[in-house]
Amino acid sequence: QVRLVESGGGSVQAGGSLNLSCATSGINFKIARMKWYRQVPGKQRELVADIASDGTATYADAVKGRFTVSRDWRRATASLRMSALTPEDTGLYYCNTYYWSRDFWGQGTQVTVSS
């Protein structure tokens with residue numbers, strides 16, 4: 001059974017930082033591409049960051065230079081380090097992987113940034 005469990009969300013003031021984690025199980029993490037999305041009510045889910053199995057990372061323009069995605073093969077965990085947060089970063093952040101020809105999602109972790 002594939003499971004993705006996010007943690008690390010919370011409330012911070014603008015300019016602050018948060019570290020999100022996505023613990024995985026039921027997949028071969030070494031070959032899985034991991035993605036972070038965020039969603040704001042009334043808007044489509046947005047891809048924030050993506051890290052390939054070889055560690056190559058890509059970012060949405062809105063977060064480049066502020067967010068860093070990483071992966072820990074030993075712990076089978078993907079992380080998203082977020083800094084210089086703004087209120088526009090507020091949303092429900094989801095971890096995702098496409099495995100066995102389908103998408104798997106975590107339950108999401110809320111990030112709220114106040115001005």
# chains A, B, ... in the order shown; residues from 1 in each chain; ligands from 1
$ residues_around --residues "A:Tyr59" --least-positions-apart "6" --cutoff "8 Å" --atoms "only C-alpha atoms" --output "PDB file with all heavy atoms, in the first residue's frame"
ATOM      1  N   VAL A  48       4.599  23.213  -7.346  1.00  0.00           N
ATOM      2  CA  VAL A  48       5.559  24.120  -6.719  1.00  0.00           C
ATOM      3  C   VAL A  48       6.988  23.683  -6.989  1.00  0.00           C
ATOM      4  O   VAL A  48       7.840  24.493  -7.345  1.00  0.00           O
ATOM      5  CB  VAL A  48       5.294  24.184  -5.199  1.00  0.00           C
ATOM      6  CG1 VAL A  48       6.387  24.966  -4.495  1.00  0.00           C
ATOM      7  CG2 VAL A  48       3.929  24.795  -4.915  1.00  0.00           C
ATOM      8  N   ALA A  49       7.251  22.391  -6.816  1.00  0.00           N
ATOM      9  CA  ALA A  49       8.608  21.876  -6.974  1.00  0.00           C
ATOM     10  C   ALA A  49       8.549  20.399  -7.316  1.00  0.00           C
ATOM     11  O   ALA A  49       7.589  19.704  -6.977  1.00  0.00           O
ATOM     12  CB  ALA A  49       9.423  22.093  -5.705  1.00  0.00           C
ATOM     13  N   ASP A  50       9.616  19.948  -7.923  1.00  0.00           N
ATOM     14  CA  ASP A  50       9.683  18.606  -8.485  1.00  0.00           C
ATOM     15  C   ASP A  50      11.116  18.132  -8.316  1.00  0.00           C
ATOM     16  O   ASP A  50      12.052  18.878  -8.624  1.00  0.00           O
ATOM     17  CB  ASP A  50       9.300  18.741  -9.964  1.00  0.00           C
ATOM     18  CG  ASP A  50       9.393  17.462 -10.754  1.00  0.00           C
ATOM     19  OD1 ASP A  50      10.283  16.646 -10.486  1.00  0.00           O
ATOM     20  OD2 ASP A  50       8.578  17.308 -11.686  1.00  0.00           O
ATOM     21  N   PHE A  67      12.499  28.466  -2.302  1.00  0.00           N
ATOM     22  CA  PHE A  67      12.178  27.100  -1.896  1.00  0.00           C
ATOM     23  C   PHE A  67      13.268  26.153  -2.373  1.00  0.00           C
ATOM     24  O   PHE A  67      13.829  26.342  -3.462  1.00  0.00           O
ATOM     25  CB  PHE A  67      10.846  26.647  -2.499  1.00  0.00           C
ATOM     26  CG  PHE A  67       9.614  27.298  -1.922  1.00  0.00           C
ATOM     27  CD1 PHE A  67       9.693  28.436  -1.127  1.00  0.00           C
ATOM     28  CD2 PHE A  67       8.367  26.766  -2.186  1.00  0.00           C
ATOM     29  CE1 PHE A  67       8.556  29.034  -0.611  1.00  0.00           C
ATOM     30  CE2 PHE A  67       7.217  27.347  -1.675  1.00  0.00           C
ATOM     31  CZ  PHE A  67       7.315  28.487  -0.889  1.00  0.00           C
TER      32      PHE A  67
END
$ residues_around --residues "stretch 22-34 of chain A" --least-positions-apart "4" --cutoff "7 Å" --atoms "only C-alpha atoms" --output "PDB file with all heavy atoms, in the first residue's frame"
ATOM      1  N   GLN A   1       0.841  -1.189   0.000  1.00  0.00           N
ATOM      2  CA  GLN A   1       0.000   0.000   0.000  1.00  0.00           C
ATOM      3  C   GLN A   1       0.881   1.245   0.000  1.00  0.00           C
ATOM      4  O   GLN A   1       1.758   1.403   0.841  1.00  0.00           O
ATOM      5  CB  GLN A   1      -0.882  -0.001   1.238  1.00  0.00           C
ATOM      6  CG  GLN A   1      -1.827   1.177   1.322  1.00  0.00           C
ATOM      7  CD  GLN A   1      -2.626   1.179   2.611  1.00  0.00           C
ATOM      8  OE1 GLN A   1      -2.432   0.312   3.472  1.00  0.00           O
ATOM      9  NE2 GLN A   1      -3.504   2.129   2.757  1.00  0.00           N
ATOM     10  N   VAL A   2       0.624   2.120  -0.946  1.00  0.00           N
ATOM     11  CA  VAL A   2       1.397   3.357  -1.044  1.00  0.00           C
ATOM     12  C   VAL A   2       0.841   4.385  -0.072  1.00  0.00           C
ATOM     13  O   VAL A   2      -0.364   4.622  -0.023  1.00  0.00           O
ATOM     14  CB  VAL A   2       1.349   3.915  -2.470  1.00  0.00           C
ATOM     15  CG1 VAL A   2       2.104   5.243  -2.539  1.00  0.00           C
ATOM     16  CG2 VAL A   2       1.943   2.914  -3.461  1.00  0.00           C
ATOM     17  N   ARG A   3       1.724   4.985   0.684  1.00  0.00           N
ATOM     18  CA  ARG A   3       1.316   6.060   1.596  1.00  0.00           C
ATOM     19  C   ARG A   3       2.293   7.218   1.485  1.00  0.00           C
ATOM     20  O   ARG A   3       3.512   7.024   1.446  1.00  0.00           O
ATOM     21  CB  ARG A   3       1.272   5.584   3.042  1.00  0.00           C
ATOM     22  CG  ARG A   3       0.132   4.649   3.379  1.00  0.00           C
ATOM     23  CD  ARG A   3      -0.006   4.530   4.880  1.00  0.00           C
ATOM     24  NE  ARG A   3      -0.529   5.748   5.494  1.00  0.00           N
ATOM     25  CZ  ARG A   3      -0.318   6.096   6.749  1.00  0.00           C
ATOM     26  NH1 ARG A   3       0.431   5.346   7.538  1.00  0.00           N
ATOM     27  NH2 ARG A   3      -0.844   7.200   7.250  1.00  0.00           N
ATOM     28  N   LEU A   4       1.726   8.416   1.460  1.00  0.00           N
ATOM     29  CA  LEU A   4       2.507   9.643   1.518  1.00  0.00           C
ATOM     30  C   LEU A   4       1.962  10.463   2.681  1.00  0.00           C
ATOM     31  O   LEU A   4       0.755  10.724   2.729  1.00  0.00           O
ATOM     32  CB  LEU A   4       2.363  10.456   0.225  1.00  0.00           C
ATOM     33  CG  LEU A   4       2.677   9.745  -1.094  1.00  0.00           C
ATOM     34  CD1 LEU A   4       2.435  10.697  -2.264  1.00  0.00           C
ATOM     35  CD2 LEU A   4       4.101   9.235  -1.108  1.00  0.00           C
ATOM     36  N   VAL A   5       2.818  10.847   3.595  1.00  0.00           N
ATOM     37  CA  VAL A   5       2.368  11.564   4.785  1.00  0.00           C
ATOM     38  C   VAL A   5       3.172  12.853   4.931  1.00  0.00           C
ATOM     39  O   VAL A   5       4.376  12.821   5.195  1.00  0.00           O
ATOM     40  CB  VAL A   5       2.516  10.705   6.057  1.00  0.00           C
ATOM     41  CG1 VAL A   5       2.033  11.481   7.277  1.00  0.00           C
ATOM     42  CG2 VAL A   5       1.752   9.396   5.912  1.00  0.00           C
ATOM     43  N   GLU A   6       2.480  13.976   4.752  1.00  0.00           N
ATOM     44  CA  GLU A   6       3.136  15.276   4.885  1.00  0.00           C
ATOM     45  C   GLU A   6       3.123  15.740   6.346  1.00  0.00           C
ATOM     46  O   GLU A   6       2.207  15.400   7.109  1.00  0.00           O
ATOM     47  CB  GLU A   6       2.434  16.353   4.047  1.00  0.00           C
ATOM     48  CG  GLU A   6       2.374  16.082   2.567  1.00  0.00           C
ATOM     49  CD  GLU A   6       1.060  15.464   2.153  1.00  0.00           C
ATOM     50  OE1 GLU A   6       0.407  14.828   3.015  1.00  0.00           O
ATOM     51  OE2 GLU A   6       0.683  15.606   0.982  1.00  0.00           O
ATOM     52  N   SER A   7       4.109  16.543   6.673  1.00  0.00           N
ATOM     53  CA  SER A   7       4.164  17.173   7.989  1.00  0.00           C
ATOM     54  C   SER A   7       4.972  18.457   7.886  1.00  0.00           C
ATOM     55  O   SER A   7       5.648  18.685   6.878  1.00  0.00           O
ATOM     56  CB  SER A   7       4.794  16.234   9.021  1.00  0.00           C
ATOM     57  OG  SER A   7       6.116  15.912   8.656  1.00  0.00           O
ATOM     58  N   ASP A  50       9.616  19.948  -7.923  1.00  0.00           N
ATOM     59  CA  ASP A  50       9.683  18.606  -8.485  1.00  0.00           C
ATOM     60  C   ASP A  50      11.116  18.132  -8.316  1.00  0.00           C
ATOM     61  O   ASP A  50      12.052  18.878  -8.624  1.00  0.00           O
ATOM     62  CB  ASP A  50       9.300  18.741  -9.964  1.00  0.00           C
ATOM     63  CG  ASP A  50       9.393  17.462 -10.754  1.00  0.00           C
ATOM     64  OD1 ASP A  50      10.283  16.646 -10.486  1.00  0.00           O
ATOM     65  OD2 ASP A  50       8.578  17.308 -11.686  1.00  0.00           O
ATOM     66  N   ILE A  51      11.284  16.900  -7.844  1.00  0.00           N
ATOM     67  CA  ILE A  51      12.638  16.361  -7.750  1.00  0.00           C
ATOM     68  C   ILE A  51      12.658  14.963  -8.334  1.00  0.00           C
ATOM     69  O   ILE A  51      11.893  14.078  -7.942  1.00  0.00           O
ATOM     70  CB  ILE A  51      13.160  16.399  -6.300  1.00  0.00           C
ATOM     71  CG1 ILE A  51      14.615  15.951  -6.250  1.00  0.00           C
ATOM     72  CG2 ILE A  51      12.283  15.601  -5.339  1.00  0.00           C
ATOM     73  CD1 ILE A  51      15.333  16.322  -4.952  1.00  0.00           C
ATOM     74  N   ALA A  52      13.546  14.786  -9.302  1.00  0.00           N
ATOM     75  CA  ALA A  52      13.667  13.507  -9.981  1.00  0.00           C
ATOM     76  C   ALA A  52      14.433  12.504  -9.129  1.00  0.00           C
ATOM     77  O   ALA A  52      14.998  12.844  -8.084  1.00  0.00           O
ATOM     78  CB  ALA A  52      14.372  13.713 -11.321  1.00  0.00           C
ATOM     79  N   SER A  53      14.464  11.264  -9.609  1.00  0.00           N
ATOM     80  CA  SER A  53      15.123  10.215  -8.834  1.00  0.00           C
ATOM     81  C   SER A  53      16.617  10.475  -8.684  1.00  0.00           C
ATOM     82  O   SER A  53      17.232  10.034  -7.709  1.00  0.00           O
ATOM     83  CB  SER A  53      14.890   8.847  -9.491  1.00  0.00           C
ATOM     84  OG  SER A  53      15.350   8.869 -10.830  1.00  0.00           O
ATOM     85  N   TRP A  73      17.225   9.426   0.552  1.00  0.00           N
ATOM     86  CA  TRP A  73      16.970   8.063   0.103  1.00  0.00           C
ATOM     87  C   TRP A  73      16.906   7.086   1.267  1.00  0.00           C
ATOM     88  O   TRP A  73      16.127   6.145   1.249  1.00  0.00           O
ATOM     89  CB  TRP A  73      18.053   7.617  -0.882  1.00  0.00           C
ATOM     90  CG  TRP A  73      17.888   8.179  -2.252  1.00  0.00           C
ATOM     91  CD1 TRP A  73      17.196   7.638  -3.290  1.00  0.00           C
ATOM     92  CD2 TRP A  73      18.422   9.418  -2.757  1.00  0.00           C
ATOM     93  NE1 TRP A  73      17.264   8.446  -4.398  1.00  0.00           N
ATOM     94  CE2 TRP A  73      18.009   9.538  -4.104  1.00  0.00           C
ATOM     95  CE3 TRP A  73      19.212  10.430  -2.198  1.00  0.00           C
ATOM     96  CZ2 TRP A  73      18.366  10.631  -4.895  1.00  0.00           C
ATOM     97  CZ3 TRP A  73      19.559  11.509  -2.992  1.00  0.00           C
ATOM     98  CH2 TRP A  73      19.135  11.599  -4.317  1.00  0.00           C
ATOM     99  N   ALA A  76      13.584   7.581   2.832  1.00  0.00           N
ATOM    100  CA  ALA A  76      12.471   7.575   1.865  1.00  0.00           C
ATOM    101  C   ALA A  76      11.558   8.775   2.094  1.00  0.00           C
ATOM    102  O   ALA A  76      10.325   8.654   2.125  1.00  0.00           O
ATOM    103  CB  ALA A  76      11.675   6.278   1.957  1.00  0.00           C
ATOM    104  N   THR A  77      12.168   9.920   2.232  1.00  0.00           N
ATOM    105  CA  THR A  77      11.435  11.150   2.552  1.00  0.00           C
ATOM    106  C   THR A  77      11.837  12.271   1.599  1.00  0.00           C
ATOM    107  O   THR A  77      13.018  12.444   1.322  1.00  0.00           O
ATOM    108  CB  THR A  77      11.735  11.580   3.995  1.00  0.00           C
ATOM    109  OG1 THR A  77      11.269  10.563   4.895  1.00  0.00           O
ATOM    110  CG2 THR A  77      11.045  12.890   4.337  1.00  0.00           C
ATOM    111  N   ALA A  78      10.845  12.999   1.142  1.00  0.00           N
ATOM    112  CA  ALA A  78      11.081  14.204   0.357  1.00  0.00           C
ATOM    113  C   ALA A  78      10.796  15.407   1.250  1.00  0.00           C
ATOM    114  O   ALA A  78       9.900  15.361   2.094  1.00  0.00           O
ATOM    115  CB  ALA A  78      10.186  14.237  -0.869  1.00  0.00           C
ATOM    116  N   SER A  79      11.553  16.477   1.047  1.00  0.00           N
ATOM    117  CA  SER A  79      11.396  17.660   1.884  1.00  0.00           C
ATOM    118  C   SER A  79      11.284  18.904   1.020  1.00  0.00           C
ATOM    119  O   SER A  79      11.771  18.940  -0.107  1.00  0.00           O
ATOM    120  CB  SER A  79      12.580  17.796   2.835  1.00  0.00           C
ATOM    121  OG  SER A  79      12.655  16.689   3.703  1.00  0.00           O
ATOM    122  N   CYS A  95       2.081  16.448  -1.161  1.00  0.00           N
ATOM    123  CA  CYS A  95       3.152  15.647  -1.739  1.00  0.00           C
ATOM    124  C   CYS A  95       2.521  14.695  -2.753  1.00  0.00           C
ATOM    125  O   CYS A  95       1.391  14.200  -2.538  1.00  0.00           O
ATOM    126  CB  CYS A  95       3.816  14.872  -0.602  1.00  0.00           C
ATOM    127  SG  CYS A  95       5.128  13.783  -1.098  1.00  0.00           S
ATOM    128  N   ASN A  96       3.219  14.450  -3.837  1.00  0.00           N
ATOM    129  CA  ASN A  96       2.670  13.615  -4.914  1.00  0.00           C
ATOM    130  C   ASN A  96       3.759  12.765  -5.547  1.00  0.00           C
ATOM    131  O   ASN A  96       4.918  13.186  -5.650  1.00  0.00           O
ATOM    132  CB  ASN A  96       2.042  14.519  -5.965  1.00  0.00           C
ATOM    133  CG  ASN A  96       1.815  13.822  -7.303  1.00  0.00           C
ATOM    134  OD1 ASN A  96       2.701  13.766  -8.147  1.00  0.00           O
ATOM    135  ND2 ASN A  96       0.622  13.292  -7.487  1.00  0.00           N
ATOM    136  N   THR A  97       3.380  11.573  -5.979  1.00  0.00           N
ATOM    137  CA  THR A  97       4.237  10.781  -6.842  1.00  0.00           C
ATOM    138  C   THR A  97       3.372  10.017  -7.837  1.00  0.00           C
ATOM    139  O   THR A  97       2.231   9.651  -7.532  1.00  0.00           O
ATOM    140  CB  THR A  97       5.126   9.822  -6.031  1.00  0.00           C
ATOM    141  OG1 THR A  97       6.112   9.254  -6.894  1.00  0.00           O
ATOM    142  CG2 THR A  97       4.306   8.698  -5.403  1.00  0.00           C
TER     143      THR A  97
END
$ residues_around --residues "A:Arg66" --least-positions-apart "3" --cutoff "7 Å" --atoms "only C-alpha atoms" --output "tab-separated table (two decimals) with N, CA, C and O atoms, in the first residue's frame"
chain	number	residue	atom	x	y	z
A	63	VAL	N	8.44	30.50	-6.83
A	63	VAL	CA	9.18	30.09	-5.62
A	63	VAL	C	10.68	29.95	-5.85
A	63	VAL	O	11.42	29.66	-4.90
A	82	MET	N	11.16	26.04	2.76
A	82	MET	CA	10.54	27.26	2.26
A	82	MET	C	11.04	28.44	3.10
A	82	MET	O	10.93	28.41	4.33
A	83	SER	N	11.57	29.44	2.43
A	83	SER	CA	12.06	30.61	3.14
A	83	SER	C	11.52	31.88	2.48
A	83	SER	O	10.93	31.81	1.39
A	84	ALA	N	11.72	33.01	3.13
A	84	ALA	CA	11.22	34.30	2.64
A	84	ALA	C	9.75	34.18	2.25
A	84	ALA	O	9.33	34.64	1.18
$ atom_distance --atom1 "atom CA of A:Gly9" --atom2 "atom CA of A:Asp54"
26.1 Å
$ residues_around --residues "A:Ala14" --least-positions-apart "3" --cutoff "12 Å" --atoms "only C-alpha atoms" --output "ChimeraX atom specification"
/A:11,17-18,82-90,111-115
$ closest_residue --among "A:Gly8, A:Val69, A:Leu20, A:Leu92" --to "A:Lys35" --atoms "only C-alpha atoms"
A:Val69
$ residues_around --residues "A:Tyr37" --least-positions-apart "4" --cutoff "6 Å" --atoms "only C-alpha atoms" --output "MDAnalysis selection string"
chainID A and resid 46:48 93:94
$ write_last_selection --atoms "C-alpha atoms" --output "PDB file, in the first residue's frame"
ATOM      1  CA  GLU A  46      -0.318  24.362  -8.513  1.00  0.00           C
ATOM      2  CA  LEU A  47       2.970  22.502  -8.980  1.00  0.00           C
ATOM      3  CA  VAL A  48       5.559  24.120  -6.719  1.00  0.00           C
ATOM      4  CA  TYR A  93       0.630  21.731   0.418  1.00  0.00           C
ATOM      5  CA  TYR A  94       0.500  18.225  -0.995  1.00  0.00           C
TER       6      TYR A  94
END
$ atom_distance --atom1 "atom CA of A:Lys43" --atom2 "atom CA of A:Gln13"
22.6 Å
$ decode --residues "stretch 31-62 of chain A" --atoms "N, CA, C and O atoms" --output "PDB file, in the first residue's frame"
ATOM      1  N   ILE A  31      13.516   5.277  -7.165  1.00  0.00           N
ATOM      2  CA  ILE A  31      13.168   5.548  -8.562  1.00  0.00           C
ATOM      3  C   ILE A  31      11.976   6.483  -8.696  1.00  0.00           C
ATOM      4  O   ILE A  31      11.598   6.849  -9.811  1.00  0.00           O
ATOM      5  N   ALA A  32      11.385   6.888  -7.589  1.00  0.00           N
ATOM      6  CA  ALA A  32      10.156   7.692  -7.655  1.00  0.00           C
ATOM      7  C   ALA A  32      10.479   9.169  -7.816  1.00  0.00           C
ATOM      8  O   ALA A  32      11.324   9.716  -7.103  1.00  0.00           O
ATOM      9  N   ARG A  33       9.780   9.792  -8.750  1.00  0.00           N
ATOM     10  CA  ARG A  33       9.848  11.243  -8.881  1.00  0.00           C
ATOM     11  C   ARG A  33       8.867  11.827  -7.881  1.00  0.00           C
ATOM     12  O   ARG A  33       7.706  11.417  -7.844  1.00  0.00           O
ATOM     13  N   MET A  34       9.311  12.806  -7.117  1.00  0.00           N
ATOM     14  CA  MET A  34       8.461  13.379  -6.066  1.00  0.00           C
ATOM     15  C   MET A  34       8.131  14.832  -6.402  1.00  0.00           C
ATOM     16  O   MET A  34       8.994  15.579  -6.871  1.00  0.00           O
ATOM     17  N   LYS A  35       6.898  15.201  -6.128  1.00  0.00           N
ATOM     18  CA  LYS A  35       6.452  16.554  -6.432  1.00  0.00           C
ATOM     19  C   LYS A  35       5.747  17.168  -5.228  1.00  0.00           C
ATOM     20  O   LYS A  35       5.129  16.459  -4.438  1.00  0.00           O
ATOM     21  N   TRP A  36       5.840  18.476  -5.142  1.00  0.00           N
ATOM     22  CA  TRP A  36       5.090  19.255  -4.157  1.00  0.00           C
ATOM     23  C   TRP A  36       4.133  20.183  -4.888  1.00  0.00           C
ATOM     24  O   TRP A  36       4.536  20.908  -5.794  1.00  0.00           O
ATOM     25  N   TYR A  37       2.874  20.134  -4.477  1.00  0.00           N
ATOM     26  CA  TYR A  37       1.844  21.009  -5.010  1.00  0.00           C
ATOM     27  C   TYR A  37       1.272  21.846  -3.870  1.00  0.00           C
ATOM     28  O   TYR A  37       1.375  21.474  -2.699  1.00  0.00           O
ATOM     29  N   ARG A  38       0.623  22.930  -4.240  1.00  0.00           N
ATOM     30  CA  ARG A  38      -0.149  23.668  -3.250  1.00  0.00           C
ATOM     31  C   ARG A  38      -1.475  24.077  -3.859  1.00  0.00           C
ATOM     32  O   ARG A  38      -1.607  24.236  -5.068  1.00  0.00           O
ATOM     33  N   GLN A  39      -2.454  24.239  -2.968  1.00  0.00           N
ATOM     34  CA  GLN A  39      -3.787  24.606  -3.433  1.00  0.00           C
ATOM     35  C   GLN A  39      -4.388  25.655  -2.521  1.00  0.00           C
ATOM     36  O   GLN A  39      -4.319  25.543  -1.287  1.00  0.00           O
ATOM     37  N   VAL A  40      -4.969  26.649  -3.155  1.00  0.00           N
ATOM     38  CA  VAL A  40      -5.689  27.703  -2.461  1.00  0.00           C
ATOM     39  C   VAL A  40      -7.156  27.551  -2.833  1.00  0.00           C
ATOM     40  O   VAL A  40      -7.468  27.250  -3.990  1.00  0.00           O
ATOM     41  N   PRO A  41      -8.070  27.733  -1.887  1.00  0.00           N
ATOM     42  CA  PRO A  41      -9.500  27.598  -2.215  1.00  0.00           C
ATOM     43  C   PRO A  41      -9.883  28.448  -3.428  1.00  0.00           C
ATOM     44  O   PRO A  41      -9.512  29.623  -3.521  1.00  0.00           O
ATOM     45  N   GLY A  42     -10.590  27.823  -4.356  1.00  0.00           N
ATOM     46  CA  GLY A  42     -11.049  28.535  -5.544  1.00  0.00           C
ATOM     47  C   GLY A  42     -10.063  28.540  -6.690  1.00  0.00           C
ATOM     48  O   GLY A  42     -10.361  29.060  -7.764  1.00  0.00           O
ATOM     49  N   LYS A  43      -8.882  27.959  -6.462  1.00  0.00           N
ATOM     50  CA  LYS A  43      -7.868  27.911  -7.518  1.00  0.00           C
ATOM     51  C   LYS A  43      -7.451  26.473  -7.769  1.00  0.00           C
ATOM     52  O   LYS A  43      -7.624  25.598  -6.921  1.00  0.00           O
ATOM     53  N   GLN A  44      -6.853  26.265  -8.931  1.00  0.00           N
ATOM     54  CA  GLN A  44      -6.361  24.933  -9.269  1.00  0.00           C
ATOM     55  C   GLN A  44      -5.114  24.611  -8.458  1.00  0.00           C
ATOM     56  O   GLN A  44      -4.358  25.508  -8.069  1.00  0.00           O
ATOM     57  N   ARG A  45      -4.915  23.319  -8.245  1.00  0.00           N
ATOM     58  CA  ARG A  45      -3.702  22.879  -7.575  1.00  0.00           C
ATOM     59  C   ARG A  45      -2.501  23.262  -8.437  1.00  0.00           C
ATOM     60  O   ARG A  45      -2.501  23.045  -9.648  1.00  0.00           O
ATOM     61  N   GLU A  46      -1.473  23.819  -7.805  1.00  0.00           N
ATOM     62  CA  GLU A  46      -0.318  24.362  -8.513  1.00  0.00           C
ATOM     63  C   GLU A  46       0.937  23.561  -8.181  1.00  0.00           C
ATOM     64  O   GLU A  46       1.222  23.329  -6.993  1.00  0.00           O
ATOM     65  N   LEU A  47       1.706  23.187  -9.202  1.00  0.00           N
ATOM     66  CA  LEU A  47       2.970  22.502  -8.980  1.00  0.00           C
ATOM     67  C   LEU A  47       3.998  23.509  -8.478  1.00  0.00           C
ATOM     68  O   LEU A  47       4.239  24.526  -9.119  1.00  0.00           O
ATOM     69  N   VAL A  48       4.599  23.213  -7.346  1.00  0.00           N
ATOM     70  CA  VAL A  48       5.559  24.120  -6.719  1.00  0.00           C
ATOM     71  C   VAL A  48       6.988  23.683  -6.989  1.00  0.00           C
ATOM     72  O   VAL A  48       7.840  24.493  -7.345  1.00  0.00           O
ATOM     73  N   ALA A  49       7.251  22.391  -6.816  1.00  0.00           N
ATOM     74  CA  ALA A  49       8.608  21.876  -6.974  1.00  0.00           C
ATOM     75  C   ALA A  49       8.549  20.399  -7.316  1.00  0.00           C
ATOM     76  O   ALA A  49       7.589  19.704  -6.977  1.00  0.00           O
ATOM     77  N   ASP A  50       9.616  19.948  -7.923  1.00  0.00           N
ATOM     78  CA  ASP A  50       9.683  18.606  -8.485  1.00  0.00           C
ATOM     79  C   ASP A  50      11.116  18.132  -8.316  1.00  0.00           C
ATOM     80  O   ASP A  50      12.052  18.878  -8.624  1.00  0.00           O
ATOM     81  N   ILE A  51      11.284  16.900  -7.844  1.00  0.00           N
ATOM     82  CA  ILE A  51      12.638  16.361  -7.750  1.00  0.00           C
ATOM     83  C   ILE A  51      12.658  14.963  -8.334  1.00  0.00           C
ATOM     84  O   ILE A  51      11.893  14.078  -7.942  1.00  0.00           O
ATOM     85  N   ALA A  52      13.546  14.786  -9.302  1.00  0.00           N
ATOM     86  CA  ALA A  52      13.667  13.507  -9.981  1.00  0.00           C
ATOM     87  C   ALA A  52      14.433  12.504  -9.129  1.00  0.00           C
ATOM     88  O   ALA A  52      14.998  12.844  -8.084  1.00  0.00           O
ATOM     89  N   SER A  53      14.464  11.264  -9.609  1.00  0.00           N
ATOM     90  CA  SER A  53      15.123  10.215  -8.834  1.00  0.00           C
ATOM     91  C   SER A  53      16.617  10.475  -8.684  1.00  0.00           C
ATOM     92  O   SER A  53      17.232  10.034  -7.709  1.00  0.00           O
ATOM     93  N   ASP A  54      17.200  11.213  -9.640  1.00  0.00           N
ATOM     94  CA  ASP A  54      18.632  11.506  -9.551  1.00  0.00           C
ATOM     95  C   ASP A  54      18.917  12.775  -8.764  1.00  0.00           C
ATOM     96  O   ASP A  54      20.066  13.216  -8.681  1.00  0.00           O
ATOM     97  N   GLY A  55      17.872  13.384  -8.204  1.00  0.00           N
ATOM     98  CA  GLY A  55      18.044  14.593  -7.408  1.00  0.00           C
ATOM     99  C   GLY A  55      17.908  15.888  -8.171  1.00  0.00           C
ATOM    100  O   GLY A  55      17.984  16.973  -7.574  1.00  0.00           O
ATOM    101  N   THR A  56      17.676  15.819  -9.468  1.00  0.00           N
ATOM    102  CA  THR A  56      17.478  17.038 -10.261  1.00  0.00           C
ATOM    103  C   THR A  56      16.165  17.698  -9.847  1.00  0.00           C
ATOM    104  O   THR A  56      15.116  17.064  -9.840  1.00  0.00           O
ATOM    105  N   ALA A  57      16.253  18.984  -9.536  1.00  0.00           N
ATOM    106  CA  ALA A  57      15.077  19.699  -9.029  1.00  0.00           C
ATOM    107  C   ALA A  57      14.637  20.791  -9.999  1.00  0.00           C
ATOM    108  O   ALA A  57      15.463  21.429 -10.655  1.00  0.00           O
ATOM    109  N   THR A  58      13.342  21.013 -10.082  1.00  0.00           N
ATOM    110  CA  THR A  58      12.784  22.133 -10.829  1.00  0.00           C
ATOM    111  C   THR A  58      11.751  22.827  -9.948  1.00  0.00           C
ATOM    112  O   THR A  58      11.175  22.207  -9.039  1.00  0.00           O
ATOM    113  N   TYR A  59      11.529  24.127 -10.245  1.00  0.00           N
ATOM    114  CA  TYR A  59      10.670  24.942  -9.393  1.00  0.00           C
ATOM    115  C   TYR A  59       9.734  25.811 -10.227  1.00  0.00           C
ATOM    116  O   TYR A  59      10.077  26.231 -11.336  1.00  0.00           O
ATOM    117  N   ALA A  60       8.590  26.118  -9.656  1.00  0.00           N
ATOM    118  CA  ALA A  60       7.731  27.125 -10.242  1.00  0.00           C
ATOM    119  C   ALA A  60       8.425  28.483 -10.128  1.00  0.00           C
ATOM    120  O   ALA A  60       9.165  28.732  -9.165  1.00  0.00           O
ATOM    121  N   ASP A  61       8.170  29.356 -11.102  1.00  0.00           N
ATOM    122  CA  ASP A  61       8.823  30.673 -11.090  1.00  0.00           C
ATOM    123  C   ASP A  61       8.542  31.427  -9.788  1.00  0.00           C
ATOM    124  O   ASP A  61       9.404  32.157  -9.284  1.00  0.00           O
ATOM    125  N   ALA A  62       7.350  31.230  -9.239  1.00  0.00           N
ATOM    126  CA  ALA A  62       6.947  31.992  -8.058  1.00  0.00           C
ATOM    127  C   ALA A  62       7.772  31.656  -6.822  1.00  0.00           C
ATOM    128  O   ALA A  62       7.804  32.446  -5.863  1.00  0.00           O
TER     129      ALA A  62
END
